Amino acid sequence: MGWYVSRLTRKAHTDMELAERLFRVIMMEEPPTSLFRPGVMGRVLKPSIHPISPPNECMSNTISQPGQVVRDFVAWENGDFSKVDVVSESLDIYNPGLDGGEVHDRESYAAYLEKGRSAFPDMQIAIEEMVANEDTVMAEVRITGTHEGEFKGLPSTGQSVDIRGMGRFLISDGTVEKCHIYYNSQEMANQLGITFPEILGQLPKLILKKLKLSG
């Protein structure tokens with residue numbers, strides 16, 4: 001089974017349909033058994049056919065443009081505000097780090113990123129792998145940073161985080177209209193040392209702070 005999953009993952013780097021199915025399984029929108037359906041297995045096991053000549057320039061530009069939009073989007077997330085034009089004003093973004101897991105405009109997401117940079121001043125999001133078609137991009141991302149400021153009510157721990165996630169970006173008219181990000185928030189908590197026994201000792205301080213804010 002391991003060899004099949006490894007091959008499926010490699011194929012997903014160049015096959016958008018497989019990449020989207022793998023994403024749905026990761027997001028628990030489909031059961032893992034869906035990866036073993038005959039149609040899926042046929043795509044995975046089909047030998048790769050390499051073209052004799054590279055695609056023409058027009059086709060290359062069509063395929064690469066959405067990928068560049070996503071690269072610029074990630075640059076904006078990392079603080080390059082000159083790339084703001086690739087971010088739709090009505091951006092729909094789904095991210096486990098957001099309050100409620102989602103926001104629906106660029107301004108709200110920018111405020112979330114600003115808080116993130118305050119807590120993790122050296123935070124960086126890097127694209128590891130990417131596959132794109134004319135309006136959809138699937139990307140594996142790596143998120144790193146050092147917890148030096150308050151994060152969701154928790155004081156600085158000085159711990160570093162290094163986690164990987166997956167993103168699905170929908171592109172329209174040269175902008176990111178929708179983005180669905182998945183990463184293991186529990187893994188991030190573990191790297192920060194935020195385990196249940198440790199958090200118990202901080203509860204009185206956190207509760208008092210919340211009471212002061214609400215008062």
# chains A, B, ... in the order shown; residues from 1 in each chain; ligands from 1
>>> select_by_dssp(residues="stretch 80-161 of chain A", states="strand (DSSP E or B)", output="PyMOL selection string")
chain A and resi 87-94+102-103+124-132+136-146+151+154+160-161
>>> write_last_selection(atoms="N, CA and C atoms", output="short mmCIF file (atom, residue, chain, number, x, y, z; two decimals), in the first residue's frame")
data_model
loop_
_atom_site.label_atom_id
_atom_site.label_comp_id
_atom_site.auth_asym_id
_atom_site.auth_seq_id
_atom_site.Cartn_x
_atom_site.Cartn_y
_atom_site.Cartn_z
N VAL A 87 -4.96 39.94 -4.75
CA VAL A 87 -5.87 39.49 -3.69
C VAL A 87 -7.23 40.14 -3.90
N SER A 88 -8.24 39.34 -4.17
CA SER A 88 -9.58 39.88 -4.39
C SER A 88 -10.08 40.60 -3.13
N GLU A 89 -10.75 41.73 -3.31
CA GLU A 89 -11.32 42.45 -2.17
C GLU A 89 -12.38 41.61 -1.46
N SER A 90 -13.03 40.72 -2.21
CA SER A 90 -14.06 39.84 -1.63
C SER A 90 -13.52 38.44 -1.39
N LEU A 91 -12.23 38.35 -1.06
CA LEU A 91 -11.56 37.06 -0.85
C LEU A 91 -12.32 36.20 0.16
N ASP A 92 -12.59 34.96 -0.24
CA ASP A 92 -13.11 33.94 0.68
C ASP A 92 -11.94 33.05 1.08
N ILE A 93 -11.62 33.00 2.36
CA ILE A 93 -10.51 32.17 2.79
C ILE A 93 -10.90 31.33 3.99
N TYR A 94 -10.52 30.07 3.92
CA TYR A 94 -10.82 29.09 4.97
C TYR A 94 -9.49 28.60 5.52
N GLU A 102 -12.92 30.98 9.03
CA GLU A 102 -13.09 31.60 7.70
C GLU A 102 -13.30 33.10 7.82
N VAL A 103 -12.91 33.82 6.76
CA VAL A 103 -13.26 35.23 6.59
C VAL A 103 -13.63 35.43 5.12
N GLN A 124 7.31 32.97 7.91
CA GLN A 124 7.44 32.87 6.47
C GLN A 124 6.59 31.71 5.96
N ILE A 125 5.91 31.95 4.85
CA ILE A 125 5.15 30.91 4.15
C ILE A 125 5.87 30.66 2.84
N ALA A 126 6.24 29.42 2.60
CA ALA A 126 6.98 29.07 1.39
C ALA A 126 6.24 27.99 0.62
N ILE A 127 6.23 28.10 -0.69
CA ILE A 127 5.61 27.09 -1.55
C ILE A 127 6.64 26.00 -1.83
N GLU A 128 6.28 24.75 -1.48
CA GLU A 128 7.18 23.62 -1.70
C GLU A 128 6.91 22.94 -3.05
N GLU A 129 5.63 22.69 -3.33
CA GLU A 129 5.23 22.04 -4.59
C GLU A 129 3.97 22.72 -5.08
N MET A 130 3.74 22.66 -6.40
CA MET A 130 2.56 23.31 -6.96
C MET A 130 2.12 22.61 -8.24
N VAL A 131 0.80 22.52 -8.42
CA VAL A 131 0.24 22.06 -9.68
C VAL A 131 -0.92 22.99 -10.01
N ALA A 132 -1.03 23.39 -11.29
CA ALA A 132 -2.02 24.40 -11.67
C ALA A 132 -2.67 24.07 -12.99
N THR A 136 -7.34 26.91 -11.19
CA THR A 136 -7.17 26.29 -9.88
C THR A 136 -5.70 25.95 -9.66
N VAL A 137 -5.23 26.23 -8.46
CA VAL A 137 -3.86 25.89 -8.08
C VAL A 137 -3.89 25.10 -6.78
N MET A 138 -3.18 23.99 -6.77
CA MET A 138 -2.97 23.21 -5.55
C MET A 138 -1.52 23.39 -5.15
N ALA A 139 -1.28 23.72 -3.89
CA ALA A 139 0.10 23.98 -3.46
C ALA A 139 0.35 23.37 -2.09
N GLU A 140 1.53 22.78 -1.95
CA GLU A 140 2.01 22.35 -0.63
C GLU A 140 2.84 23.50 -0.08
N VAL A 141 2.53 23.92 1.15
CA VAL A 141 3.23 25.07 1.73
C VAL A 141 3.93 24.67 3.03
N ARG A 142 4.94 25.44 3.35
CA ARG A 142 5.68 25.26 4.60
C ARG A 142 5.63 26.57 5.37
N ILE A 143 5.23 26.50 6.64
CA ILE A 143 5.07 27.69 7.48
C ILE A 143 6.08 27.60 8.62
N THR A 144 6.91 28.63 8.75
CA THR A 144 7.91 28.65 9.81
C THR A 144 7.83 29.98 10.56
N GLY A 145 8.29 29.98 11.80
CA GLY A 145 8.31 31.21 12.57
C GLY A 145 8.67 30.94 14.02
N THR A 146 8.96 32.03 14.74
CA THR A 146 9.32 31.95 16.16
C THR A 146 8.29 32.72 16.97
N PHE A 151 -0.15 35.16 21.25
CA PHE A 151 -0.80 34.41 20.17
C PHE A 151 -2.08 33.79 20.71
N LEU A 154 -2.21 33.67 24.35
CA LEU A 154 -1.11 32.98 25.02
C LEU A 154 0.17 33.81 24.91
N SER A 160 10.02 27.70 18.22
CA SER A 160 9.92 27.79 16.76
C SER A 160 8.90 26.78 16.25
N VAL A 161 8.23 27.14 15.18
CA VAL A 161 7.30 26.21 14.54
C VAL A 161 7.76 25.97 13.10
#
>>> closest_residue(among="A:Leu192, A:Leu35, A:Val40, A:Ala75", to="A:Pro155", atoms="only C-alpha atoms")
A:Leu192
>>> residues_around(residues="A:Gly174", least_positions_apart="3", cutoff="7 Å", atoms="only C-alpha atoms", output="MDAnalysis selection string")
chainID A and resid 69 86 171
>>> closest_residue(among="A:Asn78, A:Met41, A:Gly116, A:Pro96", to="A:Tyr182", atoms="only C-alpha atoms")
A:Pro96
>>> closest_residue(among="A:Val70, A:Thr175, A:Arg43, A:Gly193", to="A:Asp15", atoms="only C-alpha atoms")
A:Arg43
>>> residues_around(residues="A:Val84", least_positions_apart="5", cutoff="9 Å", atoms="only C-alpha atoms", output="list of chain:residue names")
A:Asp72, A:Phe73, A:Trp76
>>> write_last_selection(atoms="N, CA and C atoms", output="short mmCIF file (atom, residue, chain, number, x, y, z; two decimals), in the first residue's frame")
data_model
loop_
_atom_site.label_atom_id
_atom_site.label_comp_id
_atom_site.auth_asym_id
_atom_site.auth_seq_id
_atom_site.Cartn_x
_atom_site.Cartn_y
_atom_site.Cartn_z
N ASP A 72 2.52 35.35 -5.95
CA ASP A 72 2.39 36.74 -5.53
C ASP A 72 1.48 36.85 -4.30
N PHE A 73 0.45 36.01 -4.25
CA PHE A 73 -0.45 35.99 -3.09
C PHE A 73 0.32 35.63 -1.83
N TRP A 76 2.44 38.42 -0.70
CA TRP A 76 1.62 39.39 0.03
C TRP A 76 1.39 38.91 1.46
#
>>> atom_distance(atom1="atom CA of A:Pro121", atom2="atom CA of A:Gly167")
22.3 Å
